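A.B. asks: Input structure: final_4.txt, which contains compact mmCIF, N, CA and C atoms.
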# COMPACT_ATOMS: atom_id res chain seq x y z
N MET J 1 -5.27 -34.04 -49.00
CA MET J 1 -5.86 -34.39 -47.75
C MET J 1 -5.72 -33.20 -46.79
N LEU J 2 -6.79 -32.73 -46.24
CA LEU J 2 -6.78 -31.60 -45.32
C LEU J 2 -6.66 -32.10 -43.89
N MET J 3 -5.76 -31.46 -43.19
CA MET J 3 -5.60 -31.81 -41.78
C MET J 3 -6.09 -30.63 -40.95
N SER J 4 -6.86 -30.93 -39.94
CA SER J 4 -7.32 -29.85 -39.08
C SER J 4 -6.17 -29.39 -38.19
N GLN J 5 -6.09 -28.08 -38.01
CA GLN J 5 -5.01 -27.53 -37.20
C GLN J 5 -5.45 -27.52 -35.74
N GLN J 6 -4.67 -28.14 -34.93
CA GLN J 6 -4.93 -28.18 -33.50
C GLN J 6 -4.07 -27.11 -32.84
N PRO J 7 -4.61 -26.46 -31.82
CA PRO J 7 -3.79 -25.44 -31.14
C PRO J 7 -2.61 -26.09 -30.45
N ASN J 8 -1.49 -25.42 -30.56
CA ASN J 8 -0.26 -25.90 -29.93
C ASN J 8 -0.28 -25.50 -28.46
N PRO J 9 -0.24 -26.45 -27.53
CA PRO J 9 -0.29 -26.09 -26.11
C PRO J 9 0.97 -25.38 -25.64
N ASN J 10 2.05 -25.47 -26.39
CA ASN J 10 3.31 -24.82 -26.01
C ASN J 10 3.43 -23.40 -26.56
N SER J 11 2.50 -22.99 -27.40
CA SER J 11 2.60 -21.65 -27.99
C SER J 11 2.09 -20.61 -27.01
N VAL J 12 2.61 -19.42 -27.14
CA VAL J 12 2.23 -18.31 -26.28
C VAL J 12 1.03 -17.62 -26.90
N ASN J 13 0.05 -17.33 -26.08
CA ASN J 13 -1.15 -16.65 -26.55
C ASN J 13 -0.82 -15.20 -26.85
N GLN J 14 -1.04 -14.77 -28.07
CA GLN J 14 -0.72 -13.40 -28.50
C GLN J 14 -1.91 -12.47 -28.35
N ASP J 15 -3.01 -12.96 -27.82
CA ASP J 15 -4.22 -12.14 -27.68
C ASP J 15 -4.04 -11.20 -26.49
N ASN J 16 -4.08 -9.91 -26.73
CA ASN J 16 -3.90 -8.92 -25.67
C ASN J 16 -5.22 -8.43 -25.11
N SER J 17 -6.32 -9.07 -25.45
CA SER J 17 -7.62 -8.59 -24.98
C SER J 17 -7.75 -8.72 -23.48
N ALA J 18 -7.07 -9.66 -22.85
CA ALA J 18 -7.16 -9.84 -21.40
C ALA J 18 -6.45 -8.69 -20.67
N ALA J 19 -5.51 -8.04 -21.32
CA ALA J 19 -4.78 -6.95 -20.67
C ALA J 19 -5.59 -5.66 -20.62
N LYS J 20 -6.61 -5.57 -21.45
CA LYS J 20 -7.42 -4.36 -21.49
C LYS J 20 -8.55 -4.47 -20.48
N PRO J 21 -8.82 -3.42 -19.72
CA PRO J 21 -9.92 -3.49 -18.77
C PRO J 21 -11.26 -3.54 -19.50
N ASP J 22 -12.21 -4.25 -18.88
CA ASP J 22 -13.53 -4.36 -19.47
C ASP J 22 -14.31 -3.06 -19.37
N ASN J 23 -14.04 -2.30 -18.35
CA ASN J 23 -14.76 -1.06 -18.12
C ASN J 23 -14.03 0.08 -18.84
N PRO J 24 -14.68 0.73 -19.82
CA PRO J 24 -13.99 1.81 -20.53
C PRO J 24 -13.63 2.99 -19.65
N LYS J 25 -14.34 3.19 -18.52
CA LYS J 25 -14.02 4.29 -17.63
C LYS J 25 -12.64 4.11 -17.01
N GLU J 26 -12.22 2.86 -16.77
CA GLU J 26 -10.91 2.60 -16.21
C GLU J 26 -9.80 3.01 -17.18
N GLN J 27 -10.06 2.91 -18.46
CA GLN J 27 -9.07 3.29 -19.44
C GLN J 27 -8.90 4.80 -19.50
N ASP J 28 -9.96 5.54 -19.19
CA ASP J 28 -9.93 6.99 -19.33
C ASP J 28 -9.38 7.71 -18.11
N SER J 29 -9.19 7.01 -16.99
CA SER J 29 -8.69 7.68 -15.80
C SER J 29 -7.31 7.15 -15.45
N LEU J 30 -6.59 7.95 -14.69
CA LEU J 30 -5.24 7.58 -14.27
C LEU J 30 -5.29 6.84 -12.94
N SER J 31 -4.35 5.95 -12.74
CA SER J 31 -4.27 5.26 -11.46
C SER J 31 -3.64 6.19 -10.42
N LEU J 32 -3.76 5.80 -9.17
CA LEU J 32 -3.19 6.61 -8.09
C LEU J 32 -1.67 6.70 -8.22
N MET J 33 -1.04 5.58 -8.59
CA MET J 33 0.41 5.59 -8.76
C MET J 33 0.84 6.47 -9.92
N GLN J 34 0.06 6.49 -11.00
CA GLN J 34 0.38 7.36 -12.14
C GLN J 34 0.27 8.82 -11.72
N MET J 35 -0.73 9.15 -10.90
CA MET J 35 -0.89 10.53 -10.45
C MET J 35 0.26 10.95 -9.54
N PHE J 36 0.64 10.07 -8.59
CA PHE J 36 1.75 10.40 -7.71
C PHE J 36 3.05 10.52 -8.50
N GLY J 37 3.26 9.62 -9.45
CA GLY J 37 4.46 9.69 -10.28
C GLY J 37 4.52 10.96 -11.10
N SER J 38 3.39 11.35 -11.67
CA SER J 38 3.36 12.57 -12.47
C SER J 38 3.56 13.81 -11.61
N ALA J 39 2.93 13.83 -10.45
CA ALA J 39 3.08 14.99 -9.57
C ALA J 39 4.50 15.10 -9.04
N LEU J 40 5.11 13.97 -8.70
CA LEU J 40 6.49 13.99 -8.23
C LEU J 40 7.45 14.42 -9.33
N ALA J 41 7.23 13.92 -10.54
CA ALA J 41 8.08 14.33 -11.67
C ALA J 41 7.90 15.82 -11.97
N ALA J 42 6.69 16.32 -11.85
CA ALA J 42 6.45 17.74 -12.09
C ALA J 42 7.10 18.60 -11.00
N MET J 43 7.07 18.13 -9.76
CA MET J 43 7.70 18.88 -8.67
C MET J 43 9.21 18.97 -8.86
N VAL J 44 9.80 17.89 -9.36
CA VAL J 44 11.25 17.87 -9.58
C VAL J 44 11.60 18.60 -10.87
N GLY J 45 10.67 18.64 -11.81
CA GLY J 45 10.89 19.36 -13.06
C GLY J 45 11.33 18.47 -14.20
N VAL J 46 11.02 17.19 -14.14
CA VAL J 46 11.44 16.27 -15.18
C VAL J 46 10.25 15.59 -15.88
N GLN J 47 9.10 16.19 -15.83
CA GLN J 47 7.90 15.62 -16.45
C GLN J 47 8.05 15.65 -17.97
N SER J 48 7.79 14.53 -18.63
CA SER J 48 7.90 14.47 -20.08
C SER J 48 6.65 15.09 -20.73
N LYS J 49 6.82 15.52 -21.96
CA LYS J 49 5.71 16.15 -22.69
C LYS J 49 4.56 15.17 -22.88
N GLU J 50 4.87 13.90 -23.19
CA GLU J 50 3.83 12.90 -23.42
C GLU J 50 3.01 12.65 -22.16
N LYS J 51 3.69 12.54 -21.02
CA LYS J 51 2.97 12.29 -19.77
C LYS J 51 2.18 13.52 -19.34
N ARG J 52 2.72 14.69 -19.59
CA ARG J 52 1.98 15.91 -19.25
C ARG J 52 0.70 15.99 -20.07
N GLU J 53 0.80 15.68 -21.36
CA GLU J 53 -0.39 15.70 -22.21
C GLU J 53 -1.39 14.63 -21.79
N ARG J 54 -0.88 13.44 -21.38
CA ARG J 54 -1.76 12.38 -20.89
C ARG J 54 -2.48 12.83 -19.62
N ASP J 55 -1.75 13.50 -18.73
CA ASP J 55 -2.34 13.97 -17.48
C ASP J 55 -3.46 14.97 -17.74
N PHE J 56 -3.24 15.91 -18.67
CA PHE J 56 -4.26 16.90 -18.96
C PHE J 56 -5.46 16.26 -19.66
N ALA J 57 -5.22 15.21 -20.44
CA ALA J 57 -6.32 14.57 -21.17
C ALA J 57 -7.13 13.63 -20.29
N LYS J 58 -6.47 12.89 -19.39
CA LYS J 58 -7.16 11.85 -18.64
C LYS J 58 -7.34 12.15 -17.16
N GLY J 59 -6.58 13.08 -16.62
CA GLY J 59 -6.64 13.33 -15.18
C GLY J 59 -7.60 14.45 -14.83
N LYS J 60 -8.00 14.45 -13.57
CA LYS J 60 -8.86 15.52 -13.04
C LYS J 60 -7.99 16.47 -12.22
N ALA J 61 -8.25 17.74 -12.36
CA ALA J 61 -7.46 18.74 -11.65
C ALA J 61 -7.57 18.56 -10.14
N SER J 62 -8.75 18.24 -9.65
CA SER J 62 -8.94 18.09 -8.20
C SER J 62 -8.08 16.95 -7.65
N HIS J 63 -7.94 15.87 -8.42
CA HIS J 63 -7.11 14.75 -7.97
C HIS J 63 -5.64 15.16 -7.90
N PHE J 64 -5.18 15.91 -8.90
CA PHE J 64 -3.79 16.34 -8.89
C PHE J 64 -3.53 17.37 -7.79
N ILE J 65 -4.50 18.19 -7.47
CA ILE J 65 -4.35 19.15 -6.37
C ILE J 65 -4.19 18.41 -5.06
N ILE J 66 -5.03 17.39 -4.84
CA ILE J 66 -4.95 16.61 -3.60
C ILE J 66 -3.60 15.90 -3.51
N VAL J 67 -3.17 15.27 -4.60
CA VAL J 67 -1.88 14.58 -4.62
C VAL J 67 -0.75 15.58 -4.39
N GLY J 68 -0.83 16.75 -4.98
CA GLY J 68 0.19 17.78 -4.78
C GLY J 68 0.27 18.25 -3.35
N VAL J 69 -0.88 18.42 -2.71
CA VAL J 69 -0.90 18.85 -1.30
C VAL J 69 -0.28 17.76 -0.42
N VAL J 70 -0.62 16.50 -0.69
CA VAL J 70 -0.07 15.39 0.09
C VAL J 70 1.45 15.32 -0.09
N LEU J 71 1.94 15.41 -1.32
CA LEU J 71 3.38 15.36 -1.57
C LEU J 71 4.10 16.55 -0.93
N THR J 72 3.50 17.72 -0.99
CA THR J 72 4.11 18.90 -0.37
C THR J 72 4.17 18.75 1.14
N ALA J 73 3.10 18.23 1.75
CA ALA J 73 3.10 18.01 3.20
C ALA J 73 4.16 16.99 3.58
N MET J 74 4.30 15.93 2.79
CA MET J 74 5.33 14.92 3.06
C MET J 74 6.72 15.53 2.95
N PHE J 75 6.94 16.40 1.97
CA PHE J 75 8.23 17.05 1.80
C PHE J 75 8.55 17.96 2.99
N VAL J 76 7.57 18.75 3.41
CA VAL J 76 7.78 19.68 4.53
C VAL J 76 8.06 18.91 5.81
N LEU J 77 7.30 17.86 6.06
CA LEU J 77 7.52 17.06 7.27
C LEU J 77 8.87 16.35 7.24
N THR J 78 9.29 15.89 6.09
CA THR J 78 10.60 15.26 5.96
C THR J 78 11.71 16.27 6.23
N MET J 79 11.59 17.45 5.68
CA MET J 79 12.61 18.49 5.91
C MET J 79 12.64 18.90 7.38
N ALA J 80 11.47 19.01 8.01
CA ALA J 80 11.43 19.36 9.43
C ALA J 80 12.09 18.27 10.26
N GLY J 81 11.86 17.00 9.90
CA GLY J 81 12.49 15.90 10.61
C GLY J 81 13.99 15.89 10.44
N VAL J 82 14.47 16.16 9.24
CA VAL J 82 15.92 16.19 8.97
C VAL J 82 16.57 17.34 9.75
N VAL J 83 15.95 18.50 9.74
CA VAL J 83 16.51 19.65 10.48
C VAL J 83 16.53 19.36 11.98
N THR J 84 15.47 18.78 12.50
CA THR J 84 15.43 18.44 13.93
C THR J 84 16.52 17.43 14.27
N LEU J 85 16.70 16.42 13.41
CA LEU J 85 17.74 15.42 13.63
C LEU J 85 19.13 16.06 13.61
N VAL J 86 19.38 16.91 12.65
CA VAL J 86 20.70 17.56 12.54
C VAL J 86 20.94 18.47 13.74
N MET J 87 19.93 19.18 14.17
CA MET J 87 20.09 20.09 15.31
C MET J 87 20.36 19.29 16.60
N ASN J 88 19.70 18.14 16.75
CA ASN J 88 19.94 17.31 17.95
C ASN J 88 21.34 16.69 17.93
N VAL J 89 21.82 16.30 16.77
CA VAL J 89 23.15 15.72 16.66
C VAL J 89 24.22 16.78 16.85
N ALA J 90 23.97 17.99 16.38
CA ALA J 90 24.96 19.07 16.45
C ALA J 90 25.13 19.61 17.84
N THR J 91 24.16 19.45 18.72
CA THR J 91 24.30 20.02 20.06
C THR J 91 24.66 19.01 21.11
Using the file provided, produce a representation of the structure as structure tokens.
C.D. replies:
Amino acid sequence: MLMSQQPNPNSVNQDNSAAKPDNPKEQDSLSLMQMFGSALAAMVGVQSKEKRERDFAKGKASHFIIVGVVLTAMFVLTMAGVVTLVMNVAT
């Protein structure tokens, strides 16, 4: 006697198709957070080989230049603020 198999409502769906974006262009480009993370890791000098290769394969140079300029400006302004604060406290 054959019994039809009913889906178990308590089982976890193992289908990962929902996690993949429908638009293939989204898969080929990096997110803004990935670019900032990669640029910050590169500035500190701890960028991994896999991420560096991913950045060269999927990222655009112009995007990384813009992110690098923004991070550098943030660093310079932070350092200027810290120096100003220390100078005001010291006097």
A.B. asks: Quick one: pull the distance between atom C of Ser62 in chain J and atom C of Ala80 in chain J, Å, one decimal.
C.D. replies: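 Computed distance, atom C of Ser62 in chain J to atom C of Ala80 in chain J, equals 27.0 Å.
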A.B. asks: Can you pull out the residues contacting range 68-71 of chain J? Cut-off 8 Å, using all atoms listed in the file, and skip same-chain residues under 3 positions away; I want them as JSON, numbers by chain.
C.D. replies: {"J": [35, 36, 39, 40, 62, 63, 64, 65, 74, 75, 76, 77]}
A.B. asks: Which value, in Å to one decimal, gives the distance between atom N of Leu32 in chain J and CA of Lys60 in chain J?
C.D. replies: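 Computed distance, atom N of Leu32 in chain J to CA of Lys60 in chain J, equals 11.6 Å.
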A.B. asks: What is the distance, in Å and to one decimal place, between CA of Gln47 in chain J and atom N of Thr72 in chain J?
C.D. replies: 16.2 Å
